[in-house]
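Take a look at the structure set out below.
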Amino acid sequence: MEFIFSKIHAMARNELRPVIKLRSTAGTGFTYVTRKNRRNDPDRMTLRKYDPVAGRHVDFREER
C-alpha cells in the first residue's frame with residue numbers, strides 16, 4: 001500500500017513542479033537548475049541572478 005501511494009505522489013509532484021534550467025543571457029553558458037510551479041508561472045520564467053563567469057547579476061531565462 002505504501003509503494004502505490006508514494007508512486008502516485010511522485011508522479012503528481014513532477015507534473016506540477018517540473019525541473020527547469022535557467023541559462024544566462026550574458027552568453028557565458030552558466031546555468032542554474034530549479035523547479036517552478038506551472039499553475040503560477042505557465043510562461044517562461046526570467047530571474048535576475050548572479051553569473052560568476054560574468055562577475056555580475058544578469059537575467060537568466062528558462063530553457064526547455
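FYI, nothing fancy with the C-alpha cells labels: chains A, B, ... in order, residues from 1 per chain, ligands from 1 as they appear.
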Set the distance at 8 Å and use only C-alpha atoms: which residues neighbour Arg44 of chain A once local chain neighbours fewer than 4 positions away are removed? I'd like the list as a compact mmCIF listing (two decimals) with all heavy atoms, in the first residue's frame.
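Here's the written file out-v4.txt:
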```
# COMPACT_ATOMS: atom_id res chain seq x y z
N ARG A 61 17.08 33.20 -18.33
CA ARG A 61 15.82 32.80 -18.94
C ARG A 61 15.65 31.31 -18.88
O ARG A 61 16.62 30.55 -18.98
CB ARG A 61 15.77 33.25 -20.41
CG ARG A 61 15.77 34.77 -20.51
CD ARG A 61 15.10 35.30 -21.73
NE ARG A 61 13.71 34.89 -21.77
CZ ARG A 61 13.09 34.50 -22.88
NH1 ARG A 61 13.72 34.47 -24.02
NH2 ARG A 61 11.83 34.15 -22.84
N GLU A 62 14.41 30.88 -18.77
CA GLU A 62 14.10 29.45 -18.74
C GLU A 62 14.39 28.81 -20.10
O GLU A 62 14.05 29.36 -21.15
CB GLU A 62 12.62 29.27 -18.39
CG GLU A 62 12.17 27.84 -18.41
CD GLU A 62 10.71 27.68 -18.11
OE1 GLU A 62 10.09 28.62 -17.58
OE2 GLU A 62 10.17 26.60 -18.42
N GLU A 63 15.01 27.67 -20.04
CA GLU A 63 15.33 26.90 -21.24
C GLU A 63 14.56 25.58 -21.18
O GLU A 63 14.53 24.95 -20.15
CB GLU A 63 16.84 26.64 -21.26
CG GLU A 63 17.33 25.85 -22.40
CD GLU A 63 18.84 25.64 -22.27
OE1 GLU A 63 19.21 24.69 -21.59
OE2 GLU A 63 19.58 26.46 -22.80
```
Checklist line | Atom pair atom CA of Asp41 of chain A / atom CA of Thr28 of chain A: separation (Å) | finding: 25.6 Å
Next item on the list: Would you mind telling me which residue in A:Arg23, A:Lys36, A:Arg64, A:Arg17 lies nearest to Arg48 of chain A when using only C-alpha atoms?
Entry: A:Arg23
Would you pick out the contacts of Ile20 of chain A at 6 Å or less, using only C-alpha atoms, so that residues sharing its chain but fewer than 4 positions from it are not included, and give the list as a CSV table (one decimal) with N, CA, C and O atoms, in the first residue's frame?
```csv
chain,number,residue,atom,x,y,z
A,33,VAL,N,19.7,25.4,-12.0
A,33,VAL,CA,18.7,24.4,-12.1
A,33,VAL,C,17.7,24.6,-10.9
A,33,VAL,O,18.1,24.7,-9.8
A,34,THR,N,16.4,24.7,-11.2
A,34,THR,CA,15.4,24.9,-10.1
A,34,THR,C,14.1,24.3,-10.6
A,34,THR,O,14.0,23.7,-11.6
A,35,ARG,N,13.1,24.4,-9.7
A,35,ARG,CA,11.7,23.9,-10.0
A,35,ARG,C,10.8,25.1,-10.1
A,35,ARG,O,11.1,26.1,-9.5
```
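Taking only C-alpha atoms into account, Asn40 of chain A lies nearest to A:Leu16 out of the set A:Val58, A:Leu22, A:Leu16, A:Val53.
Atom pair atom CA of Leu47 of chain A / atom CA of Val19 of chain A: separated by 15.0 Å.
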Quick check for you: according to DSSP on this backbone, which residues of segment 18-55 of chain A are classed as strand (DSSP E or B)? Reply as an mmCIF file with all heavy atoms, in the first residue's frame.
```
data_model
loop_
_atom_site.group_PDB
_atom_site.id
_atom_site.type_symbol
_atom_site.label_atom_id
_atom_site.label_comp_id
_atom_site.auth_asym_id
_atom_site.auth_seq_id
_atom_site.Cartn_x
_atom_site.Cartn_y
_atom_site.Cartn_z
ATOM 1 N N VAL A 19 11.348 20.323 -13.196
ATOM 2 C CA VAL A 19 12.700 20.865 -13.086
ATOM 3 C C VAL A 19 12.995 21.652 -14.356
ATOM 4 O O VAL A 19 12.741 21.182 -15.461
ATOM 5 C CB VAL A 19 13.732 19.727 -12.908
ATOM 6 C CG1 VAL A 19 15.145 20.276 -12.910
ATOM 7 C CG2 VAL A 19 13.451 18.964 -11.635
ATOM 8 N N ILE A 20 13.502 22.872 -14.197
ATOM 9 C CA ILE A 20 13.826 23.712 -15.353
ATOM 10 C C ILE A 20 15.271 24.191 -15.246
ATOM 11 O O ILE A 20 15.846 24.249 -14.164
ATOM 12 C CB ILE A 20 12.891 24.935 -15.467
ATOM 13 C CG1 ILE A 20 13.011 25.826 -14.234
ATOM 14 C CG2 ILE A 20 11.468 24.508 -15.708
ATOM 15 C CD1 ILE A 20 12.389 27.182 -14.418
ATOM 16 N N LYS A 21 15.859 24.532 -16.391
ATOM 17 C CA LYS A 21 17.193 25.124 -16.435
ATOM 18 C C LYS A 21 17.042 26.603 -16.715
ATOM 19 O O LYS A 21 16.278 27.005 -17.595
ATOM 20 C CB LYS A 21 18.027 24.507 -17.560
ATOM 21 C CG LYS A 21 18.665 23.215 -17.232
ATOM 22 C CD LYS A 21 19.567 22.818 -18.392
ATOM 23 C CE LYS A 21 20.258 21.516 -18.115
ATOM 24 N NZ LYS A 21 21.100 21.116 -19.252
ATOM 25 N N LEU A 22 17.790 27.423 -15.982
ATOM 26 C CA LEU A 22 17.850 28.852 -16.236
ATOM 27 C C LEU A 22 19.223 29.154 -16.823
ATOM 28 O O LEU A 22 20.241 28.927 -16.176
ATOM 29 C CB LEU A 22 17.653 29.635 -14.936
ATOM 30 C CG LEU A 22 16.310 29.445 -14.232
ATOM 31 C CD1 LEU A 22 16.335 30.106 -12.870
ATOM 32 C CD2 LEU A 22 15.188 30.014 -15.071
ATOM 33 N N ARG A 23 19.268 29.640 -18.061
ATOM 34 C CA ARG A 23 20.542 29.922 -18.741
ATOM 35 C C ARG A 23 20.782 31.428 -18.778
ATOM 36 O O ARG A 23 19.880 32.219 -19.013
ATOM 37 C CB ARG A 23 20.521 29.377 -20.160
ATOM 38 C CG ARG A 23 21.867 29.558 -20.865
ATOM 39 C CD ARG A 23 21.974 28.818 -22.153
ATOM 40 N NE ARG A 23 21.828 27.374 -22.031
ATOM 41 C CZ ARG A 23 22.832 26.539 -21.692
ATOM 42 N NH1 ARG A 23 24.009 27.005 -21.426
ATOM 43 N NH2 ARG A 23 22.611 25.249 -21.637
ATOM 44 N N SER A 24 22.028 31.812 -18.553
ATOM 45 C CA SER A 24 22.438 33.215 -18.530
ATOM 46 C C SER A 24 22.244 33.865 -19.891
ATOM 47 O O SER A 24 22.573 33.283 -20.922
ATOM 48 C CB SER A 24 23.900 33.316 -18.109
ATOM 49 O OG SER A 24 24.343 34.640 -18.209
ATOM 50 N N THR A 31 24.451 28.033 -16.043
ATOM 51 C CA THR A 31 23.049 27.696 -15.809
ATOM 52 C C THR A 31 22.784 27.461 -14.330
ATOM 53 O O THR A 31 23.667 27.065 -13.576
ATOM 54 C CB THR A 31 22.628 26.421 -16.568
ATOM 55 O OG1 THR A 31 23.434 25.334 -16.131
ATOM 56 C CG2 THR A 31 22.752 26.587 -18.061
ATOM 57 N N TYR A 32 21.554 27.730 -13.931
ATOM 58 C CA TYR A 32 21.022 27.338 -12.637
ATOM 59 C C TYR A 32 19.934 26.307 -12.908
ATOM 60 O O TYR A 32 19.269 26.354 -13.944
ATOM 61 C CB TYR A 32 20.375 28.520 -11.909
ATOM 62 C CG TYR A 32 21.346 29.466 -11.241
ATOM 63 C CD1 TYR A 32 21.713 30.661 -11.843
ATOM 64 C CD2 TYR A 32 21.878 29.170 -9.994
ATOM 65 C CE1 TYR A 32 22.586 31.541 -11.233
ATOM 66 C CE2 TYR A 32 22.749 30.041 -9.364
ATOM 67 C CZ TYR A 32 23.099 31.218 -9.988
ATOM 68 O OH TYR A 32 23.967 32.070 -9.376
ATOM 69 N N VAL A 33 19.719 25.383 -11.957
ATOM 70 C CA VAL A 33 18.655 24.398 -12.062
ATOM 71 C C VAL A 33 17.711 24.614 -10.897
ATOM 72 O O VAL A 33 18.144 24.736 -9.750
ATOM 73 C CB VAL A 33 19.213 22.956 -12.029
ATOM 74 C CG1 VAL A 33 18.089 21.945 -12.103
ATOM 75 C CG2 VAL A 33 20.181 22.746 -13.170
ATOM 76 N N THR A 34 16.405 24.681 -11.185
ATOM 77 C CA THR A 34 15.415 24.913 -10.141
ATOM 78 C C THR A 34 14.095 24.267 -10.551
ATOM 79 O O THR A 34 13.984 23.655 -11.599
ATOM 80 C CB THR A 34 15.242 26.429 -9.890
ATOM 81 O OG1 THR A 34 14.404 26.622 -8.758
ATOM 82 C CG2 THR A 34 14.653 27.128 -11.109
ATOM 83 N N ARG A 35 13.098 24.407 -9.717
ATOM 84 C CA ARG A 35 11.744 23.933 -10.012
ATOM 85 C C ARG A 35 10.812 25.128 -10.084
ATOM 86 O O ARG A 35 11.076 26.146 -9.478
ATOM 87 C CB ARG A 35 11.242 22.992 -8.909
ATOM 88 C CG ARG A 35 11.980 21.695 -8.834
ATOM 89 C CD ARG A 35 11.376 20.822 -7.730
ATOM 90 N NE ARG A 35 12.063 19.557 -7.662
ATOM 91 C CZ ARG A 35 11.716 18.481 -8.353
ATOM 92 N NH1 ARG A 35 10.682 18.545 -9.163
ATOM 93 N NH2 ARG A 35 12.380 17.370 -8.239
ATOM 94 N N THR A 46 11.841 34.295 -16.128
ATOM 95 C CA THR A 46 13.068 35.087 -16.202
ATOM 96 C C THR A 46 13.382 35.585 -14.799
ATOM 97 O O THR A 46 12.541 36.217 -14.158
ATOM 98 C CB THR A 46 12.907 36.293 -17.145
ATOM 99 O OG1 THR A 46 12.556 35.814 -18.435
ATOM 100 C CG2 THR A 46 14.185 37.079 -17.246
ATOM 101 N N LEU A 47 14.588 35.283 -14.313
ATOM 102 C CA LEU A 47 15.025 35.727 -12.995
ATOM 103 C C LEU A 47 16.353 36.452 -13.127
ATOM 104 O O LEU A 47 17.171 36.125 -13.987
ATOM 105 C CB LEU A 47 15.197 34.537 -12.045
ATOM 106 C CG LEU A 47 13.956 33.745 -11.688
ATOM 107 C CD1 LEU A 47 14.339 32.537 -10.854
ATOM 108 C CD2 LEU A 47 12.981 34.611 -10.917
ATOM 109 N N ARG A 48 16.581 37.423 -12.265
ATOM 110 C CA ARG A 48 17.846 38.142 -12.236
ATOM 111 C C ARG A 48 18.697 37.507 -11.137
ATOM 112 O O ARG A 48 18.382 37.617 -9.964
ATOM 113 C CB ARG A 48 17.603 39.615 -11.953
ATOM 114 C CG ARG A 48 18.823 40.470 -12.152
ATOM 115 C CD ARG A 48 18.415 41.911 -12.420
ATOM 116 N NE ARG A 48 19.571 42.781 -12.517
ATOM 117 C CZ ARG A 48 20.263 42.963 -13.624
ATOM 118 N NH1 ARG A 48 19.901 42.337 -14.719
ATOM 119 N NH2 ARG A 48 21.307 43.758 -13.641
ATOM 120 N N LYS A 49 19.787 36.836 -11.550
ATOM 121 C CA LYS A 49 20.647 36.119 -10.620
ATOM 122 C C LYS A 49 22.110 36.426 -10.925
ATOM 123 O O LYS A 49 22.425 37.009 -11.951
ATOM 124 C CB LYS A 49 20.403 34.604 -10.711
ATOM 125 C CG LYS A 49 18.975 34.211 -10.307
ATOM 126 C CD LYS A 49 18.735 32.745 -10.392
ATOM 127 C CE LYS A 49 19.374 31.965 -9.296
ATOM 128 N NZ LYS A 49 18.895 32.232 -7.952
ATOM 129 N N TYR A 50 22.986 35.993 -10.027
ATOM 130 C CA TYR A 50 24.414 36.256 -10.171
ATOM 131 C C TYR A 50 25.054 35.259 -11.132
ATOM 132 O O TYR A 50 24.874 34.055 -11.004
ATOM 133 C CB TYR A 50 25.102 36.180 -8.805
ATOM 134 C CG TYR A 50 26.571 36.517 -8.864
ATOM 135 C CD1 TYR A 50 26.983 37.830 -9.020
ATOM 136 C CD2 TYR A 50 27.533 35.524 -8.774
ATOM 137 C CE1 TYR A 50 28.324 38.152 -9.084
ATOM 138 C CE2 TYR A 50 28.878 35.828 -8.832
ATOM 139 C CZ TYR A 50 29.269 37.151 -8.980
ATOM 140 O OH TYR A 50 30.601 37.464 -9.054
ATOM 141 N N ASP A 51 25.812 35.766 -12.084
ATOM 142 C CA ASP A 51 26.569 34.931 -13.016
ATOM 143 C C ASP A 51 28.046 35.031 -12.622
ATOM 144 O O ASP A 51 28.673 36.064 -12.837
ATOM 145 C CB ASP A 51 26.370 35.418 -14.454
ATOM 146 C CG ASP A 51 27.006 34.505 -15.485
ATOM 147 O OD1 ASP A 51 27.882 33.697 -15.118
ATOM 148 O OD2 ASP A 51 26.624 34.604 -16.664
#
```
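Between Glu15 of chain A and the residues A:Arg38, A:Gly55, A:Asp43, A:Phe60, the shortest atom-to-atom distance, using only C-alpha atoms, involves A:Arg38.
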